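The data block below is data07.json; it holds JSON, C-alpha atoms.
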[["chain", "number", "residue", "atom", "x", "y", "z"],
["A", 30, "MET", "CA", 136.82, 119.64, 6.15],
["A", 31, "LEU", "CA", 137.51, 117.63, 9.29],
["A", 32, "HIS", "CA", 135.69, 114.34, 9.57],
["A", 33, "PRO", "CA", 133.44, 114.46, 12.69],
["A", 34, "LYS", "CA", 135.35, 111.65, 14.42],
["A", 35, "VAL", "CA", 138.64, 113.58, 14.09],
["A", 36, "VAL", "CA", 137.40, 116.03, 16.74],
["A", 37, "GLN", "CA", 138.81, 113.66, 19.35],
["A", 38, "ASN", "CA", 142.29, 114.64, 18.11],
["A", 39, "SER", "CA", 141.66, 118.39, 18.12],
["A", 40, "ALA", "CA", 143.43, 119.15, 21.44],
["A", 41, "GLY", "CA", 146.54, 121.11, 20.59],
["A", 42, "LEU", "CA", 145.60, 121.36, 16.93],
["A", 43, "VAL", "CA", 142.87, 124.01, 16.81],
["A", 44, "ASP", "CA", 141.97, 127.05, 18.89],
["A", 45, "GLY", "CA", 141.15, 130.71, 18.41],
["A", 46, "HIS", "CA", 144.57, 131.44, 16.89],
["A", 47, "THR", "CA", 145.51, 128.01, 15.52],
["A", 48, "VAL", "CA", 144.17, 126.63, 12.25],
["A", 49, "TYR", "CA", 144.25, 122.99, 11.15],
["A", 50, "LEU", "CA", 145.09, 122.38, 7.47],
["A", 51, "SER", "CA", 143.31, 119.39, 6.00],
["A", 52, "ALA", "CA", 143.68, 117.60, 2.64],
["A", 53, "PHE", "CA", 146.24, 120.11, 1.43],
["A", 54, "ARG", "CA", 147.93, 118.65, -1.65],
["A", 55, "THR", "CA", 148.46, 119.04, -5.38],
["A", 56, "ILE", "CA", 147.12, 116.43, -7.77],
["A", 57, "ASP", "CA", 149.73, 114.50, -9.73],
["A", 58, "ARG", "CA", 149.49, 116.27, -13.09],
["A", 59, "PHE", "CA", 150.11, 119.67, -11.46],
["A", 60, "GLN", "CA", 153.05, 118.64, -9.28],
["A", 61, "ARG", "CA", 156.51, 120.18, -9.80],
["A", 62, "LYS", "CA", 155.10, 123.33, -11.40],
["A", 63, "GLY", "CA", 155.15, 125.62, -8.35],
["A", 64, "TYR", "CA", 151.38, 125.61, -7.75],
["A", 65, "PHE", "CA", 151.64, 124.13, -4.27],
["A", 66, "SER", "CA", 154.23, 126.72, -3.26],
["A", 67, "LYS", "CA", 152.19, 129.65, -4.56],
["A", 68, "LEU", "CA", 148.98, 128.40, -2.98],
["A", 69, "PHE", "CA", 150.72, 127.61, 0.29],
["A", 70, "HIS", "CA", 152.29, 131.08, 0.58],
["A", 71, "PHE", "CA", 149.01, 132.78, -0.38],
["A", 72, "MET", "CA", 147.11, 130.73, 2.19],
["A", 73, "ILE", "CA", 149.62, 131.36, 5.01],
["A", 74, "ASP", "CA", 149.62, 135.11, 4.28],
["A", 75, "ASP", "CA", 145.82, 135.14, 4.30],
["A", 76, "LEU", "CA", 145.67, 133.22, 7.59],
["A", 77, "ARG", "CA", 148.12, 135.69, 9.17],
["A", 78, "ARG", "CA", 145.99, 138.62, 8.02],
["A", 79, "LYS", "CA", 143.00, 136.94, 9.64],
["A", 80, "GLY", "CA", 144.82, 136.77, 12.99],
["A", 81, "PHE", "CA", 145.99, 133.16, 13.07],
["A", 82, "THR", "CA", 149.41, 132.70, 14.66],
["A", 83, "LYS", "CA", 149.89, 128.96, 14.17],
["A", 84, "ALA", "CA", 148.98, 126.27, 11.62],
["A", 85, "THR", "CA", 148.84, 122.52, 12.26],
["A", 86, "LEU", "CA", 148.42, 119.49, 10.04],
["A", 87, "GLY", "CA", 148.51, 115.72, 10.12],
["A", 88, "VAL", "CA", 150.51, 113.31, 8.00],
["A", 89, "GLU", "CA", 150.73, 109.53, 7.89],
["A", 90, "PRO", "CA", 154.14, 108.40, 9.20],
["A", 91, "ALA", "CA", 154.76, 106.29, 6.08],
["A", 92, "GLU", "CA", 154.23, 109.27, 3.77],
["A", 93, "GLU", "CA", 157.89, 110.33, 3.72],
["A", 94, "LYS", "CA", 157.49, 112.56, 0.64],
["A", 95, "ASN", "CA", 154.69, 114.52, 2.31],
["A", 96, "LYS", "CA", 156.59, 114.74, 5.59],
["A", 97, "ASP", "CA", 159.60, 116.15, 3.70],
["A", 98, "ILE", "CA", 157.42, 118.74, 1.96],
["A", 99, "TYR", "CA", 155.78, 119.85, 5.21],
["A", 100, "THR", "CA", 159.17, 120.02, 6.95],
["A", 101, "HIS", "CA", 160.44, 122.19, 4.08],
["A", 102, "TYR", "CA", 157.54, 124.57, 4.69],
["A", 103, "GLY", "CA", 158.29, 124.82, 8.40],
["A", 104, "PHE", "CA", 156.03, 122.22, 10.01],
["A", 105, "THR", "CA", 158.72, 120.99, 12.38],
["A", 106, "GLU", "CA", 157.02, 121.20, 15.78],
["A", 107, "PHE", "CA", 155.90, 117.67, 16.59],
["A", 108, "ILE", "CA", 152.63, 117.86, 18.53],
["A", 109, "LYS", "CA", 151.38, 114.30, 18.94],
["A", 110, "THR", "CA", 150.32, 111.09, 17.27],
["A", 111, "GLY", "CA", 146.74, 109.94, 16.88],
["A", 112, "LYS", "CA", 144.34, 108.02, 14.69],
["A", 113, "GLU", "CA", 141.88, 109.23, 12.10],
["A", 114, "TYR", "CA", 138.70, 107.32, 11.40],
["A", 115, "TYR", "CA", 136.91, 107.36, 8.06],
["A", 116, "GLN", "CA", 133.29, 106.58, 7.29],
["A", 117, "ASP", "CA", 134.27, 103.48, 5.33],
["A", 118, "GLY", "CA", 135.88, 102.00, 8.46],
["A", 119, "THR", "CA", 139.47, 102.86, 7.52],
["A", 120, "VAL", "CA", 141.66, 103.83, 10.47],
["A", 121, "ILE", "CA", 145.06, 105.47, 9.92],
["A", 122, "ASN", "CA", 147.87, 106.53, 12.21],
["A", 123, "VAL", "CA", 148.73, 110.20, 11.98],
["A", 124, "GLU", "CA", 151.56, 112.40, 13.22],
["A", 125, "TYR", "CA", 150.58, 116.02, 13.86],
["A", 126, "TYR", "CA", 152.95, 118.94, 13.33],
["A", 127, "GLY", "CA", 152.75, 122.69, 13.81],
["A", 128, "LYS", "CA", 154.24, 125.84, 12.37],
["A", 129, "ILE", "CA", 154.30, 129.33, 13.87],
["A", 130, "LEU", "CA", 152.98, 131.83, 11.32],
["A", 131, "GLU", "CA", 155.67, 134.53, 11.38]]

Represent the supplied structure as structure tokens.
Amino acid sequence: MLHPKVVQNSAGLVDGHTVYLSAFRTIDRFQRKGYFSKLFHFMIDDLRRKGFTKATLGVEPAEEKNKDIYTHYGFTEFIKTGKEYYQDGTVINVEYYGKILE
């Protein structure tokens, strides 16, 4: 779920045919077992069936591993940079990327 303050970054990330993926990850003990891949492909197929034509997501620039994973899954369209604000006062820089759902 998007944090209410993230709405300021929604331009270019969400619309009637574009979905924003949030907190999409596999916990450590289930990594490298193919769960992420299966879930990702199921989710993208389901979104296509529901009429979405594009998916977007955000990643912290320092999270190279996550950026590599998202690039592998086709999130190569750089959209913009922004900040996300959390209720505890944490502020992070975020790069947003998109993928056409073919």

Go through A:Glu92, A:Lys112, A:Asp117, A:Ala84 one by one, measure the shortest atom-to-atom distance of each to Ser51 (chain A) using all atoms listed in the file, and give the residue with the smallest value.
->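 Of A:Glu92, A:Lys112, A:Asp117, A:Ala84, the one nearest Ser51 (chain A) is A:Ala84, counting all atoms listed in the file.
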
Between CA of Gly80 (chain A) and CA of Phe65 (chain A) lies a distance of 22.5 Å

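In this comparison, which uses only C-alpha atoms, the residue of A:Phe107, A:Tyr99, A:Tyr114, A:Phe81 approaching Val48 (chain A) most closely is A:Phe81.
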
Non-local contacts of Leu42 (chain A) (9 Å; all atoms listed in the file; under 3 positions in same chain excluded) as a list in words | Asn38, Ser39, Thr47, Val48, Tyr49, Ala84, Thr85, Leu86, Ile108, Tyr125, Tyr126 and Gly127 of chain A

Hey, can you pull every residue with an atom no more than 9 Å from (160.1, 123.0, -1.9), using all atoms listed in the file, and send it as a VMD selection string?
-> chain A and resid 63 65 to 66 97 to 99 101 to 102

Which value, in Å to one decimal, gives the distance between CA of Gly111 (chain A) and CA of Glu124 (chain A)?
-> 6.5 Å

Please return the centre and edge lengths, in Å to one decimal, of a box with edges along x, y and z that contains all listed atoms of region 58-75 of chain A, widened by 6 Å on every side, as AutoDock Vina command-line options.
--center_x 151.2 --center_y 125.7 --center_z -4.0 --size_x 22.7 --size_y 30.9 --size_z 30.1

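Note that the spacing between CA of Ile73 (chain A) and CA of Glu93 (chain A) amounts to 22.6 Å.
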
Pick from A:Ile121, A:Phe71, A:Glu89, A:Ile129, whichever lies nearest to Thr105 (chain A) using only C-alpha atoms | A:Ile129
